[in-house]
Structures are given as structure tokens and as C-alpha cells.
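As C-alpha cells, the structure follows; a few thoughts come after it.
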Amino acid sequence: MLTTFRWLVRLTVGLILVSLILILLAWYFAVRSLPDYGATFEVEGIAAPVEIVRTTEDVPHIFAQNDRDVFFALGLAHAQDRLFQMTVLRRAAQGRLSEIYGMGAFASDDLARRLGLYRNAVDSVAAQDDATKEALEAYADGVNEWIRQINIGARGRGAPEFFLYPDDISYWEPADSLAILKLLAATSTVQLRREVLRARLSLTQPERGQEIVATGPEPQMPAYAALFEGSKLAPPDRAMQPRDWVTGLAGYLSPSAGASANGWAAAANRTAANGALLANDPQFALTAPGLWYLARIELSSGGVIGGTIPGIPAILSGRNSKIAWGITPAQIDDQDIFVEEVQPGEPNRYRGTEGWTEFDTRREVIRVKDAAEQVITLRTTANGPVIPGGHLGLGTILPPGHVAALSWTGGQGGDRTMSALVALMRAPDRAQAADVLRNVTAPAMVYTLADRDGIGETLAGAVPDRPASHATSGRMPVPGWIAGNRWQGISPAPTALTDLAPTEGIIAETGGGALVAEGRSLGFDRLDDRRIERLKLLIASREIHSRDSFIATQNDIVSPVARDLLPLIGAELWYTGEPAAPGTPERQRQEALNLLANWDGAMSEHLPEPLIYSAWMKALQDRLVRDDIGPLADDLTRLYPDFIERVFRNTNGAASWCDIRQSSVVETCAVIARQALDQAIFDLTARFGPDVTSFRWGDVHRARHTHPALGDMRGLSYVVNLIQPTSGDDTTVARAGMRGTGVNPWLNVTGATYRAVYDLADPDSSVFVISTGQSGHPLSRHYDDMAELWRRGEYVGMSLDPQLARAAATGITQLEPVAP
């Protein structure tokens with residue numbers, strides 16, 4: 001017995017020692033992948049010495065003697081800090097995530113292959129101008145040089161994730177950067193998703209279903225089923241299975257995920273320092289590390305500083321010494337779904353405008369980690385690639401014997417968008433900037449511009465030449481065999497949507513407004529009308545602006561939707577009588593209404609009112625629509641305030657939505673509002689207790705910056721994910737988008753992953769910040785050192801002064817050309 005005990009002790013001690021050794025080894029190799037920012041490297045591919053000066057926040061300032069060496073050093077700096085993220089973005093565009101993640105990423109790979117992101121990127125390399133080709137090649141050489149340094153210096157494979165997700169880290173190619181830009185374009189547009197939702201609503205409630213998502217006065221559309229006479233189309237009988245949020249972010253960017261932004265500017269005569277101001281805050285999914293990376297490069301035309309995306313050799317939002325620019329995704333309807341009829345008994349043929357015709361087909365192999373290879377058949381029609389019904393709910397709206405094909409402005413080769421972005425960095429004024437941006441195809445963006453003489457904006461991106469005979473104006477899927485529905489090509493954005501001299505000296509854009517030019521609408525979605533009105537109100541409230549007033553505006557957390565809806569919905573509910581007995585539901589309702597009656601709409605993380613309001617609106621919208629559209633109500637993951645306002649104002653009889661058809665009583669809107677509030681308070685009480693004054697918005701509205709690879713791993717998730725309470729919501733200027741589903745529908749999962757204010761009166765007082773930190777290495781102090789600044793609405797300085805950069809340097813990387 002004693003011997004057995006001794007052996008158990010020895011075994012336990014041995015296991016502890018082995019575990020400690022393994023932990024120490026893992027720590028050692030992980031730390032080995034941290035770059036030394038003060039090192040000197042002999043590298044191939046540069047003509048003269050290069051300096052990468054790192055500031056306190058790890059922002060690289062790159063100084064070289066020629067532009068090619070500058071782009072080489074940018075590629076190396078990106079790879080030093082974000083190599084794993086870059087390779088994952090590349091895999092997402094190539095459709096090769098399954099090779100490292102397994103079967104869970106197969107759907108993402110399948111969609112990327114069918115969209116042809118990488119294939120079109122390869123076809124676009126030759127279309128770039130000479131300067132851009134040189135930049136792409138130099139950037140790729142810089143990335144590859146760092147991969148070489150990792151190999152010869154045993155630098156822990158370059159990132160700790162590579163120990164858990166083995167990757168050969170293949171060398172970078174110019175097409176890889178173009179592919180990531182294509183992926184960004186596919187992420188930024190959500191038109192496909194919106195068409196599917198409209199069709200599903202029309203099938204479920206043909207008469208009024210589309211009222212729910214209408215965002216303004218829209219032309220009358222036919223019922224979706226009427227477009228396919230003779231086909232058996234039934235209402236969707238269930239909600240779509242929500243995709244796991246982390247799985248959807250496996251590649252950092254995901255097609256049809258959506259993006260937003262605010263961009264505004266004030267001319268010199270509207271600023272205190274007599275110099276133009278410009279603010280910008282592109283909004284994407286919150287990841288760790290974030291999508292953006294701050295950098296400054298010194299080109300022959302002058303310094304350029306701002307936000308980059310690792311893998312792309314361009315400052316996407318930033319400034320040089322003469323101009324500043326910001327981006328907001330444009331609400332162009334740049335995608336159309338065409339329903340194609342497959343010939344009965346001939347699955348390789350579909351119905352064209354002149355009869356049955358062959359699909360263009362090709363086969364590709366998707367390799368899957370720990371599983372068999374998957375062979376997929378890619379089919380293309382005259383309208384575009386066929387997208388299987390399993391993607392984005394397409395299967396719920398297809399008649400039997402039909403497939404869906406996608407026309408998309410970004411779905412082609414020969415795209416010169418990268419050339420436009422590289423040329424933009426060298427532009428000397430806003431007129432030339434607008435001119436070079438005519439080469440943008442996708443993503444379609446509204447560019448806000450500022451120089452010393454004024455401000456302006458221009459729509460950049462291709463728009464579809466959609467015929468006037470299109471059955472739904474592009475808002476719902478249509479039969480692909482009818483010639484009057486088909487695109488007649490694509491063309492650059494109309495010049496009528498360029499304004500380089502606004503009369504009031506102010507421009508404000510959220511990317512949510514409808515775009516109309518040359519007598520036609522380029523899109524019908526106005527999802528951010530109230531946000532842009534709030535932005536315009538804040539700007540108009542001051543005759544003269546400063547950098548600090550722009551910062552305050554960028555961090556505004558007042559909900560214009562709350563201010564609009566609460567007086568309308570609660571008009572007959574505000575408490576005026578005697579208080580109910582303590583502890584009763586009636587007393588809770590009275591206390592909640594009293595809080596909301598005195599609330600200014602600020603969605604502060606420290607207050608109970610935002611949570612009561614948000615829970616009430618969510619319950620109210622669900623109660624209004626569920627008896628009409630059934631399980632489809634579960635897929636309405638965002639609030640539709642225009643719909644709620646129309647209902648409570650009884651616009652065109654919309655108050656009929658308040659009546660629950662399954663009940664014998666005719667409910668009024670006031671009754672439904674009270675019932676929804678009671679339900680919201682009941683649910684919140686079960687979660688937080690009976691004291692409504694103790695509710696806190698920040699307890700549920702927490703920003704979750706998810707690591708796409710490690711964020712779901714037990715134990716590691718606590719190290720790599722960043723979770724913070726945040727203010728704001730979907731409709732505030734400081735946008736903090738919510739998940740809308742799951743146990744915590746208020747989880748903050750999207751936001752301004754980059755914020756900047758560019759001051760052309762005193763350029764060195766310009767500021768910027770990103771949502772996490774510069775490094776993608778979880779053990780680096782720069783992994784999350786900007787996260788708290790970002791949460792508090794604070795910034796770091798942005799300067800083009802070489803002396804200031806060197807004065808704040810925490811390390812200077814020297815690149816020396818290899819001696820001949």
C-alpha cells in the first residue's frame with residue numbers, strides 16, 4: 001500500500017513537472033515570435049537603407065529613399081505585427097479557411113469560391129497602372145522578407161496561432177492584396193441579404209409584409225410569388241438557423257456581413273483655426289486584433305498617415321500633407337439576385353432569354369482539415385455565378401427546380417480599384433482626388449475630401465445599368481430569363497454625385513442615405529436616416545467648429561430613435577395617478593416610465609434607461625409582427641423604427657398591425673405598447689432583479705472583440721478576446737451595433753474599429769485610434785493598449801513630423817540592403 005502511494009506521489013509530481021515544462025516551452029516559443037522593434041536586418045529587395053520608427057503606441061513611421069522601398073517596409077511592418085491575420089484574410093478570399101479550421105469553415109470557403117474573389121483578383125493584377133504594380137510587388141517582397149527572417153531566425157513561426165493552426169505561410173503575391181480588397185468589397189455590401197428578406201416577407205405576408213423593412217416612400221412592388229406564375233412558392237415555415245458569430249468571423253471579414261461609417265467635414269471658414277476639418281470612423285465587426293492598422297509612410301510626394309488594413313498597401317482613410325479623405329460605404333444597390341430555371345431532366349442547362357442554354361461549369365477541390373476533400377461544382381449563367389440555396393437563406397425563396405445567380409459590380413476581373421487607392425495617397429488636392437477615384441469599382445464608397453481650399457465629397461464605385469423595365473427595381477429577386485430584368489452592364493458612379501464646393505461649408509455622410517442621380521435611384525435603403533439627421537443637427541448647432549467639437553460629435557451617444565419613438569409610443573402610458581403597491585408589476589412599469597420620461601436619450605453604459613428602452617422596443621416590434629409573419633420574426637434582428645413610427649401614426653392604415661389576429665379582442669396600439677413594456681420588464685427582472693433603477697446598459701451592451709481563431713477555445717478565450725462595457729447603440733453617431741439574437745441580443749459586435757479627426761489647420765494635432773492595438777500577438781503589450789482609449793472615446797496623436805516620430809520612438813528597425 002505504501003509503495004502504491006509513493007508511486008502515485010511520484011506520478012503526480014512528474015505530471016506537474018511535465019506540464020510546467022510544456023507551459024514554459026509554449027511560452028518560450030510564443031515569446032520568440034514577438035518582433036524586436038530595435039533590431040537591424042540585412043534584407044533582399046531594397047535599394048537603400050530604410051528606417052521603421054515605432055512610436056509609443058507601435059505606430060510605424062517608414063522612411064526610405066524611394067517609393068518602392070517604402071512599400072517594401074510597409075509589407076514587412078504589417079507582417080511583423082499581423083502575419084496571422086494577413087494569412088487568414090488571404091485564406092478567406094481564396095476559399096481556403098477549411099484547411100486550418102476544419103469543416104466549420106466550409107460554408108465560408110464555398111461562398112468565396114463561388115463569388116470568384118481570388119480568381120477575379122488574379123485577373124485584375126494586369127489592369128493596375130505601373131506605379132501600383134510596383135507597389136504591390138514591393139509590398140509582397142516585404143511580407144516575404146519577414147517570412148524569410150522568421151525562418152532563418154527561428155522566430156516562433158511569426159505568430160503563436162501558427163502552433164495551433166499549422167500553416168505553411170506561403171509567400172505573398174500581388175494578387176493576394178487585390179483578393180483582400182475584393183473580400184472587403186463583398187463584406188461591405190448587404191444587398192443580397194436584403195433582397196432575400198424582402199422576398200421572404202412578401203411570401204409570408206403578401207399584402208403588407210414589406211412595410212416592415214420599408215425605409216421611406218418606395219414604388220409599389222409586385223408580390224414576390226406573382227413573379228413566378230405557375231411555380232409552387234410557399235411561405236417560409238421557419239426562421240433561418242442563426243450562424244454562430246465567431247464562426248462567421250473566421251476570416252475577419254465575411255461576405256454580406258455589412259459595414260457602415262460616419263464621414264463629415266467643415267471648410268476653413270467654419271473652423272476656429274481657419275483650416276478644414278474632417279472626421280471618419282469606418283465600422284466593421286469587432287475582432288481581436290481589429291481590422292485596422294495605423295501607419296505612416298513617406299512617399300516621394302510627401303508623407304501619408306492614417307488607417308490601413310493588413311494585406312493592402314494603401315492608406316484607406318487618412319491624409320497627406322495637403323489633403324485628407326474619409327470613407328463611408330455607399331448604399332448603392334450593387335447586387336441583384338436572378339432566379340434561373342433549370343431544364344427538367346437536364347441539370348446542366350438553364351432557361352435563357354432565347355431558350356435553354358448550358359451552364360458554364362468548373363470543378364474545384366476544397367481541402368478540409370481532419371476530413372475528406374470536398375469537390376464542388378461552380379456554375380455560372382449569363383447573370384453571374386450560381387449561389388446555392390444554403391447560403392444567406394436563398395433556399396427559402398427559390399421555386400422548385402430553380403437556382404439563384406448573382407449579378408454584382410465587384411464580381412469581375414480587370415478591377416482598377418487598387419490603382420485608385422494608391423494614386424489617392426499622392427493627390428495634391430480634392431479635385432485630383434475625385435478624379436483618380438473614378439477608377440474605383442468596388443467597394444462603392446462615398447469619399448469625404450478636404451484640402452486647404454475647401455471640402456467636398458464624391459461617390460466612387462461602379463453602379464449597375466439596370467433597365468427601367470426591371471420588375472422590382474433591384475429590390476427583390478426576379479426571373480433571370482426575362483431580358484427586361486437583366487443588367488446592361490456597369491458604369492462609373494455618376495459625376496452628378498460629386499460636390500467639391502458645398503455652399504454651407506459642411507458635409508455630413510453616414511452611408512445610409514438614398515443616392516439619386518440622373519433621374520434614377522441607385523438604391524432604396526435609408527437605414528441610417530435618423531443617425532445622419534442627428535449628425536447634421538450636431539454640426540449645425542455650432543457655427544464654428546474645432547477638433548474637439550468633431551471629437552465630441554464622433555463620440556455622441558444620444559439615440560435619435562429613442563427621442564423620436566418614446567413620446568409617440570408612450571403617449572397614452574405616462575403615469576399620472578397614484579403609485580401602485582410596491583413590488584407589483586404595475587409599480588415597476590410606473591417606475592420604468594418615470595425614468596424614460598426624464599431621459600434625454602443618451603445610451604450611456606451607466607444608466608438603466610437605455611436597457612429598458614431597448615428591451616421595450618425589441619418586445620414591441622416582435623409583438624407587432626409575430627402573429628402575421630410567424631417564425632420569420634426571429635430573423636428581424638434589428639429594430640425598424642420607420643415601421644414602428646408608421647404603425648403608431650397609423651400611416652396608410654398601418655395601425656392594423658397592432659391587432660393580434662389570433663385573439664377575439666381588437667387590440668389598440670396603446671395596449672400592445674403596454675403589454676410589450678410589461679414583457680420587457682418581466683424578462684429584465686428575471687435577469688437583474690426587481691429594482692428597475694439598478695438595471696445597467698453596460699451589463700448587457702458589452703463590446704466583444706473576438707479572436708477569430710482562438711476566441712472559442714476554452715481557457716484561451718479569456719486571454720485573446722477583449723470584452724468591455726460600451727455606450728451607444730445601432731442608431732447613435734458613435735455606432736455600437738448589436739447582435740440581435742441569442743441569450744444576449746444586446747451584445748455589441750460591430751462598431752467604429754477606426755476613428756480619426758484630420759485637422760488641416762494644424763496637421764500635427766490630428767488624432768486617430770483603433771479598437772484594439774497594433775499587434776496581433778496576444779502576449780504583446782500592443783495587443784490591446786488602445787482598447788481602453790477607444791472605449792472612452794480618446795485618441796493618440798497623428799503627426800507627419802519626422803522629429804516628433806523619432807522623439808516618441810520606442811524602437812527603430814533598421815533595414816539594410818544585402819551587400820553585393
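Simple scheme: letters A, B, ... for chains in C-alpha cells order, numbers from 1 for residues in each chain, numbers from 1 for ligands in the order shown.
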Give me the residues near range 111-113 of chain A as a PyMOL selection string, where near means some atom within 6 Å (using only C-alpha atoms) and where sequence neighbours in that chain fewer than 3 positions away do not count. chain A and resi 95+108+116
Near-Leu611 in chain A list (10 Å; only C-alpha atoms; drop same-chain fewer than 2 positions) as a ChimeraX atom specification: /A:603-605,607-609,613-617,680-681,684,692,695-701,746
Dump as an mmCIF file, in the first residue's frame, selection limited to C-alpha atoms:
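Final output, saved to out_11.cif:
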data_model
loop_
_atom_site.group_PDB
_atom_site.id
_atom_site.type_symbol
_atom_site.label_atom_id
_atom_site.label_comp_id
_atom_site.auth_asym_id
_atom_site.auth_seq_id
_atom_site.Cartn_x
_atom_site.Cartn_y
_atom_site.Cartn_z
ATOM 1 C CA MET A 603 -27.321 55.423 -24.406
ATOM 2 C CA SER A 604 -24.841 55.530 -21.528
ATOM 3 C CA GLU A 605 -23.443 52.267 -20.241
ATOM 4 C CA LEU A 607 -27.808 54.123 -16.986
ATOM 5 C CA PRO A 608 -30.895 51.872 -16.694
ATOM 6 C CA GLU A 609 -32.983 53.778 -19.242
ATOM 7 C CA TYR A 613 -35.970 51.316 -23.788
ATOM 8 C CA SER A 614 -34.103 48.758 -25.918
ATOM 9 C CA ALA A 615 -35.851 45.772 -24.333
ATOM 10 C CA TRP A 616 -39.214 47.520 -24.747
ATOM 11 C CA MET A 617 -38.677 48.286 -28.445
ATOM 12 C CA ALA A 680 -39.649 43.575 -21.253
ATOM 13 C CA ILE A 681 -39.660 44.400 -17.539
ATOM 14 C CA LEU A 684 -35.224 42.006 -17.228
ATOM 15 C CA VAL A 692 -35.583 48.829 -12.344
ATOM 16 C CA PHE A 695 -30.513 47.987 -14.406
ATOM 17 C CA ARG A 696 -27.387 48.994 -16.325
ATOM 18 C CA TRP A 697 -26.990 49.180 -20.108
ATOM 19 C CA GLY A 698 -23.314 48.279 -19.813
ATOM 20 C CA ASP A 699 -24.165 44.982 -18.104
ATOM 21 C CA VAL A 700 -25.520 43.599 -21.379
ATOM 22 C CA HIS A 701 -24.188 46.000 -24.004
ATOM 23 C CA TRP A 746 -27.610 43.374 -26.881
#
Could you give me, as a PyMOL selection string, each residue of range 161-378 of chain A that DSSP assigns to strand (DSSP E or B) when run on this structure's backbone? chain A and resi 260+263-266+271+277-280+283-285+287+293-299+302-308+317-320+323-329+335-342+349-352+355-358+360-366+374-378
Could you turn the residues from that selection into a file that holds C-alpha atoms, as a PDB file, in the first residue's frame?
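Generated file (part-v2.pdb):
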ATOM      1  CA  SER A 260     -21.045  51.449 -42.096  1.00  0.00           C
ATOM      2  CA  GLY A 263     -17.760  60.944 -42.506  1.00  0.00           C
ATOM      3  CA  TRP A 264     -18.088  64.702 -42.269  1.00  0.00           C
ATOM      4  CA  ALA A 265     -16.031  67.804 -42.887  1.00  0.00           C
ATOM      5  CA  ALA A 266     -16.045  71.552 -42.262  1.00  0.00           C
ATOM      6  CA  THR A 271     -13.483  76.271 -38.127  1.00  0.00           C
ATOM      7  CA  LEU A 277     -11.506  69.565 -40.506  1.00  0.00           C
ATOM      8  CA  LEU A 278     -12.539  66.032 -41.465  1.00  0.00           C
ATOM      9  CA  ALA A 279     -13.727  63.129 -39.304  1.00  0.00           C
ATOM     10  CA  ASN A 280     -14.160  59.479 -40.244  1.00  0.00           C
ATOM     11  CA  GLN A 283     -17.495  50.496 -38.755  1.00  0.00           C
ATOM     12  CA  PHE A 284     -16.970  46.748 -39.071  1.00  0.00           C
ATOM     13  CA  ALA A 285     -17.231  43.640 -36.894  1.00  0.00           C
ATOM     14  CA  THR A 287     -12.361  41.415 -33.721  1.00  0.00           C
ATOM     15  CA  TYR A 293      -3.649  49.111 -38.515  1.00  0.00           C
ATOM     16  CA  LEU A 294      -2.215  52.619 -38.127  1.00  0.00           C
ATOM     17  CA  ALA A 295       0.764  53.584 -40.287  1.00  0.00           C
ATOM     18  CA  ARG A 296       2.687  56.490 -41.753  1.00  0.00           C
ATOM     19  CA  ILE A 297       4.668  56.193 -44.974  1.00  0.00           C
ATOM     20  CA  GLU A 298       6.959  58.808 -46.518  1.00  0.00           C
ATOM     21  CA  LEU A 299       6.459  58.773 -50.296  1.00  0.00           C
ATOM     22  CA  GLY A 302       5.212  63.553 -49.195  1.00  0.00           C
ATOM     23  CA  GLY A 303       4.108  61.868 -46.008  1.00  0.00           C
ATOM     24  CA  VAL A 304       0.856  59.901 -45.745  1.00  0.00           C
ATOM     25  CA  ILE A 305      -0.681  58.715 -42.461  1.00  0.00           C
ATOM     26  CA  GLY A 306      -3.898  57.010 -41.409  1.00  0.00           C
ATOM     27  CA  GLY A 307      -5.617  53.653 -41.325  1.00  0.00           C
ATOM     28  CA  THR A 308      -4.540  50.615 -43.333  1.00  0.00           C
ATOM     29  CA  SER A 317      -8.650  56.634 -44.654  1.00  0.00           C
ATOM     30  CA  GLY A 318      -6.052  59.270 -43.871  1.00  0.00           C
ATOM     31  CA  ARG A 319      -4.231  62.355 -45.017  1.00  0.00           C
ATOM     32  CA  ASN A 320      -1.090  63.552 -46.683  1.00  0.00           C
ATOM     33  CA  ILE A 323      -5.465  66.695 -48.332  1.00  0.00           C
ATOM     34  CA  ALA A 324      -7.453  64.391 -46.059  1.00  0.00           C
ATOM     35  CA  TRP A 325     -10.019  61.768 -47.007  1.00  0.00           C
ATOM     36  CA  GLY A 326     -12.525  59.514 -45.262  1.00  0.00           C
ATOM     37  CA  ILE A 327     -14.694  56.626 -46.436  1.00  0.00           C
ATOM     38  CA  THR A 328     -18.310  55.627 -45.839  1.00  0.00           C
ATOM     39  CA  PRO A 329     -19.842  52.554 -47.537  1.00  0.00           C
ATOM     40  CA  GLN A 335     -26.217  43.274 -56.279  1.00  0.00           C
ATOM     41  CA  ASP A 336     -29.223  41.579 -57.875  1.00  0.00           C
ATOM     42  CA  ILE A 337     -30.417  38.007 -57.471  1.00  0.00           C
ATOM     43  CA  PHE A 338     -31.697  36.309 -60.628  1.00  0.00           C
ATOM     44  CA  VAL A 339     -33.781  33.165 -60.247  1.00  0.00           C
ATOM     45  CA  GLU A 340     -32.796  30.757 -63.020  1.00  0.00           C
ATOM     46  CA  GLU A 341     -34.988  27.850 -64.124  1.00  0.00           C
ATOM     47  CA  VAL A 342     -33.123  24.560 -64.569  1.00  0.00           C
ATOM     48  CA  ARG A 349     -28.933  23.572 -68.663  1.00  0.00           C
ATOM     49  CA  TYR A 350     -30.948  26.611 -67.647  1.00  0.00           C
ATOM     50  CA  ARG A 351     -33.519  28.822 -69.301  1.00  0.00           C
ATOM     51  CA  GLY A 352     -32.008  31.789 -71.124  1.00  0.00           C
ATOM     52  CA  GLY A 355     -34.194  29.129 -74.848  1.00  0.00           C
ATOM     53  CA  TRP A 356     -32.329  26.506 -72.890  1.00  0.00           C
ATOM     54  CA  THR A 357     -28.582  27.031 -72.629  1.00  0.00           C
ATOM     55  CA  GLU A 358     -25.618  25.373 -70.915  1.00  0.00           C
ATOM     56  CA  ASP A 360     -20.572  27.350 -67.624  1.00  0.00           C
ATOM     57  CA  THR A 361     -19.168  24.844 -65.137  1.00  0.00           C
ATOM     58  CA  ARG A 362     -15.889  24.120 -63.428  1.00  0.00           C
ATOM     59  CA  ARG A 363     -14.882  21.947 -60.513  1.00  0.00           C
ATOM     60  CA  GLU A 364     -12.721  22.915 -57.580  1.00  0.00           C
ATOM     61  CA  VAL A 365     -11.423  20.989 -54.596  1.00  0.00           C
ATOM     62  CA  ILE A 366     -11.670  22.350 -51.068  1.00  0.00           C
ATOM     63  CA  GLN A 374     -14.816  18.342 -50.852  1.00  0.00           C
ATOM     64  CA  VAL A 375     -15.319  18.654 -54.614  1.00  0.00           C
ATOM     65  CA  ILE A 376     -17.656  21.477 -55.572  1.00  0.00           C
ATOM     66  CA  THR A 377     -19.076  22.339 -58.986  1.00  0.00           C
ATOM     67  CA  LEU A 378     -19.145  26.030 -59.803  1.00  0.00           C
TER      68      LEU A 378
END
Measuring between only C-alpha atoms, which one of A:Asp759, A:Asp659, A:Glu354, A:Asp281 shows the shortest distance to Arg547 in chain A?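 Selected residue with least distance to Arg547 in chain A: A:Asp759.
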Applying 12 Å and only C-alpha atoms, which residues near range 224-227 of chain A remain after dropping the ones on its own chain fewer than 6 positions away? List them as number ranges by chain. A: 195-210, 233-235, 338-339, 397-399, 470-472, 475-482, 485
Gap from CA of Pro60 in chain A to CA of Ala77 in chain A - Å, one decimal: 7.3 Å
Test item: residues at most 9 Å from Val368 in chain A, only C-alpha atoms, excluding those fewer than 3 positions along its chain, as a list in words: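 My reading of the contact set: Arg96, Leu97, Ser98, Glu99, Ile100, Tyr101, Gly102, Met103, Ala105, Phe106, Ala371, Ala372, Glu373 and Gln374 of chain A.
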Within 12 Å of Ala734 in chain A, counting only C-alpha atoms, which residues qualify if same-chain residues fewer than 5 places away don't, as a ChimeraX atom specification? /A:260-263,280-283,510,531-532,534-535,550-560,602-604,726-729,750-755,790-793
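Compared by their closest atoms to Pro708 in chain A, and using only C-alpha atoms, the residues A:Ala250, A:Leu164, A:Ile770, A:Ala268 rank with A:Ala250 nearest.
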Contact residues around Thr651 in chain A with only C-alpha atoms at 12 Å, ignoring same-chain residues under 4 positions, as a ChimeraX atom specification: /A:211,216-217,642-647,655-657
Extract the full set of alpha helix (DSSP H) residues from range 636-805 of chain A according to DSSP on the backbone, and format it as a VMD selection string. chain A and resid 641 to 649 669 to 688 697 to 700 717 to 720 787 to 792 802 to 805
I need the residue nearest Pro467 in chain A from this list: A:Gly484, A:Pro690, A:Gly630, A:Gly158. Use only C-alpha atoms for the distance. A:Gly484
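Residue neighbourhood of Ala434 in chain A, excluding near-sequence residues (fewer than 3 positions): A:Leu424, A:Asp429, A:Arg430, A:Ala431, A:Leu437, A:Arg438, A:Tyr447, A:Leu449, A:Gly456, A:Glu457, A:Thr458, A:Leu459, A:Ala460, A:Thr498, A:Leu500, at 9 Å, using only C-alpha atoms.
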For Trp146 in chain A, which of A:Ala540, A:Leu815, A:Leu181, A:Ala571 is the closest residue, counting only C-alpha atoms?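 When distances to Trp146 in chain A are compared using only C-alpha atoms, the smallest one comes from A:Leu815.
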